[in-house]
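S.K.: I'd like to ask you about the structure that follows.
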Amino acid sequence: MFWRKRTPSDFAAEIEAHLALETERLKEQGLSEEEARTAAWRTFGNVTQAQERFYESGRWLGWDHFVQDLRFGLRMLRKSPSFTAVAVISLALGIGINTTFFSMVDGFFLRPLPVKDARQLVMIRSLPFGPSSFADYQDICRQAAVFKGIVAISRHVAFLTVDDVTEMLRADNVSENFFSVLEVSPVLGHTFEIESTRKDPTAVISYGLWQRRFGGKADAVDKLVRLDGRDVTIVGVAPQWFRGLQKGDTTDVYFPADRWVGKEELAQRDNRDYDLIARLRPGETMAQARAEFGTIARRLSASFPETDKGLNLELTSEAEQFPEVLRLSAELLAAVGLVLVICCANVAGMALAKGEARRRELAMRKALGASRGRLLRQLLTESLVLALIGGGVGLVLTAYLVSLQSVLLPPSPFPVHFDIRVDHRALAYCFLRH
Amino acid sequence: MSTQKEKERLELLQGTLDLLILRTLIFGPQHGQGIARAIEQTSEDELLVEHGALYPALQRLEERGWIAAEWGTSTNNRKARFYTLTRLGRKQVVKETTKWRRLAAAIGRVLGPEAGEG
């Protein structure tokens, strides 16, 4: 209905027309021009008041008031710089810590593994030990029918030397089928299975490492580098989106276990170094998988009593885990949320104290004809200004904190995600408080 | 007709002006001054319409979509803004009239039969 808005001058013209018509009518009844005009004005009542009422019915009035309040709010904040500073700082801290925490929780827990159909993935753990031995892994692979494939992964830190420059990075010792089971195809070169006749050590590197150390050039493939003092040939480059199976972390080098680790070491059943991750065949259920793995565990336990006695293979699917993760995240966020609550309470307290001091001003404005609603709006607008400034500074702080934590924690550059909802919540909260 | 006869006229109850305006417009398009006249005349000069209050009311009704307005020329060749009842407004008249009749009757019953009050 905005476009149908009448201009005040149109309204004034209508009143003018009314007065003319009324004067005319009165003149016909025998009044003089002068008398008729006065009478018309008198019966009309207060012209200014009518015009004011017209203006107040308009939608622009609300906007005008808002702009007024905004200006006034900014002026008030400038007048008491210490109050403003403390309020903005506590809000910014509260909001900053919350958003930072949210982006961390989001990066570590909430997002699924960066793999196709991550909900099909199942973690296999050898209880009571935890990780599994490579020998057990090979036996499990031979016996399990419910899974499309099972990968083994052992996380390491290694020293990589390229052209006489050495750096420490995360290198994962994986089973040969690692990339095919996870359905990750290389952007350059190939992965391990294709060249399984090969016996010399090979490695697949991450996209990030490829860009960083090899300038993204195609000749990185087939290049000989040194990893932990051993010569290794790079055979492929993983795609950019694939950062490894550790949430919130990036693996830079993958090397196949059976070509790196000695046969004897791999055969040691008590050498439990590997996490097992499997992909469920479509149509198979977790119940079926658990039944099958119960049998496999009993068989292993009977065949290798010295090492595998009492072995229990526990399966946890990503899909099953998610609600649990969500609950945990919610609890963590609630805890940090309390910090925000305290910050808001702080600010609210200060604002209350200030309100007490402003009583005279408010009384004056009321005496001059401001309605209660109007005063309330003014105070709310001031709070809004404060909250917006606090929120803005808070977001800047978040950006800083998120960039810091990749320095503080082991290298884990994951994308910064501002959670605007937290900001909204903070605003809503501050509103409620004032 | 009396122009300024100092006879006691009834002030309009809150909310009744809207209904009276809509009712008046049933007979056809009319401008503000005409509406005020018509209300006063049909109420046999019992009701006092404050002209100043009339226009904000018209504005309100227009915004609600019950009446539509257009500038035109009055019978005596003067420019005036003419109001017409919209279909929505017509429905509103019926609704409000029934409501008002019920209210008036109910109040009448509560007050009891007219006593010789002077």
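Residue numbers start at 1 in each chain; chains themselves are named A, B, ... in the order of the structure tokens; ligands are numbered from 1 in the order shown.
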For the contact check between chain A and chain B, emit one row per residue of chain A within 6 Å, containing the shortest atom pair and the distance in Å rounded to one decimal, counting only C-alpha atoms, chain then rising number order, as CSV.
M.R.:
```
residue,atom,partner,partner_atom,distance
A:Ala17,CA,B:Ala80,CA,5.7
A:His18,CA,B:Gln33,CA,5.5
A:Phe44,CA,B:His51,CA,4.4
A:Gly45,CA,B:Gly52,CA,5.3
A:Ala50,CA,B:Gly52,CA,5.6
A:Phe54,CA,B:Pro56,CA,5.7
```
S.K.: Please provide as a PDB file with N, CA and C atoms, in the first residue's frame all residues within 8 Å of range 85-96 of chain B, with the sequence filter that same-chain residues fewer than 4 positions apart are discarded (counting only C-alpha atoms).
M.R.:
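Output below, filename selection_29.pdb:
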```
ATOM      1  N   LEU B  19     -19.022   3.995  10.653  1.00  0.00           N
ATOM      2  CA  LEU B  19     -20.249   3.353  10.175  1.00  0.00           C
ATOM      3  C   LEU B  19     -21.137   4.366   9.465  1.00  0.00           C
ATOM      4  N   LEU B  22     -19.789   5.167   5.985  1.00  0.00           N
ATOM      5  CA  LEU B  22     -20.029   4.076   5.046  1.00  0.00           C
ATOM      6  C   LEU B  22     -21.500   4.050   4.642  1.00  0.00           C
ATOM      7  N   ARG B  23     -22.360   4.210   5.637  1.00  0.00           N
ATOM      8  CA  ARG B  23     -23.804   4.169   5.404  1.00  0.00           C
ATOM      9  C   ARG B  23     -24.208   5.277   4.409  1.00  0.00           C
ATOM     10  N   LEU B  25     -22.484   6.664   2.161  1.00  0.00           N
ATOM     11  CA  LEU B  25     -21.953   6.448   0.810  1.00  0.00           C
ATOM     12  C   LEU B  25     -22.741   5.399   0.026  1.00  0.00           C
ATOM     13  N   ILE B  26     -23.649   4.680   0.710  1.00  0.00           N
ATOM     14  CA  ILE B  26     -24.475   3.694   0.013  1.00  0.00           C
ATOM     15  C   ILE B  26     -25.260   4.353  -1.111  1.00  0.00           C
ATOM     16  N   GLY B  28     -24.406   6.660  -3.045  1.00  0.00           N
ATOM     17  CA  GLY B  28     -23.605   7.113  -4.181  1.00  0.00           C
ATOM     18  C   GLY B  28     -22.390   7.896  -3.736  1.00  0.00           C
ATOM     19  N   PRO B  29     -21.507   8.226  -4.665  1.00  0.00           N
ATOM     20  CA  PRO B  29     -20.280   8.957  -4.349  1.00  0.00           C
ATOM     21  C   PRO B  29     -20.599  10.304  -3.704  1.00  0.00           C
ATOM     22  N   GLY B  65      -9.313   0.056   2.555  1.00  0.00           N
ATOM     23  CA  GLY B  65      -9.855  -0.436   1.289  1.00  0.00           C
ATOM     24  C   GLY B  65     -11.374  -0.497   1.275  1.00  0.00           C
ATOM     25  N   TRP B  66     -12.026   0.138   2.225  1.00  0.00           N
ATOM     26  CA  TRP B  66     -13.479   0.110   2.262  1.00  0.00           C
ATOM     27  C   TRP B  66     -14.081   1.193   1.371  1.00  0.00           C
ATOM     28  N   ILE B  67     -13.336   2.286   1.171  1.00  0.00           N
ATOM     29  CA  ILE B  67     -13.801   3.318   0.257  1.00  0.00           C
ATOM     30  C   ILE B  67     -12.660   3.666  -0.696  1.00  0.00           C
ATOM     31  N   ALA B  68     -13.028   4.208  -1.852  1.00  0.00           N
ATOM     32  CA  ALA B  68     -12.027   4.658  -2.813  1.00  0.00           C
ATOM     33  C   ALA B  68     -12.273   6.146  -3.061  1.00  0.00           C
ATOM     34  N   TRP B 100     -24.325  -2.964  15.214  1.00  0.00           N
ATOM     35  CA  TRP B 100     -24.777  -1.759  15.911  1.00  0.00           C
ATOM     36  C   TRP B 100     -26.217  -1.897  16.387  1.00  0.00           C
TER      37      TRP B 100
END
```
S.K.: For Leu103 in chain B, which residue out of B:Glu44, B:Ala38, B:Thr16, B:Leu61 is the nearest one, using only C-alpha atoms?
M.R.: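 The closest residue to Leu103 in chain B is B:Thr16.
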S.K.: Determine, counting only C-alpha atoms, which protein, DNA and RNA residues have an atom within 6 Å of an atom of range 115-126 of chain A; residues of the same chain fewer than 5 positions away are not included. Present the result as an MDAnalysis selection string.
M.R.: chainID A and resid 131:132 276:280 312:319
S.K.: I need the residues in range 36-221 of chain A that are helix (DSSP H, G or I) according to DSSP; give them as a ChimeraX atom specification.
M.R.: /A:36-44,47-57,60-79,81-110,118-120,134-143,178-181,193-195,207-214,218-220
S.K.: Looking at B:Thr75, B:Ala69, B:Thr97, B:Pro113, which one is nearest to Asp18 in chain B, with distances taken over only C-alpha atoms?
M.R.: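 The shortest atom-to-atom distance to Asp18 in chain B comes from B:Thr97.
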S.K.: Please identify all polymer residues within 10 Å of Gly390 in chain A, counting only C-alpha atoms, omitting same-chain residues fewer than 4 positions from it, and present them as a list in words.
M.R.: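 Counting only C-alpha atoms, the residues come to Thr84, Ala85, Val86, Ala87, Val88, Ile89, Ser90, Leu91, Ala92, Leu93, Gly94, Ile95, Gly96, Leu384, Val385, Leu386, Gly394, Leu395, Asp423, Ala426 and Leu427 of chain A.
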S.K.: Any idea what the distance is between CA of Phe129 in chain A and CA of Asp252 in chain A?
M.R.: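 CA of Phe129 in chain A sits 27.6 Å away from CA of Asp252 in chain A.
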S.K.: Report, in Å to a single decimal, how far apart CA of Ser103 in chain A and CA of Val396 in chain A are.
M.R.: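 Spanning CA of Val396 in chain A to CA of Ser103 in chain A is a straight-line distance of 13.8 Å.
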S.K.: So which residues of range 3-108 of chain B fall under strand (DSSP E or B) by DSSP, listed as a ChimeraX atom specification?
M.R.: /B:10-11,30-31,47-48,67-73,79-85
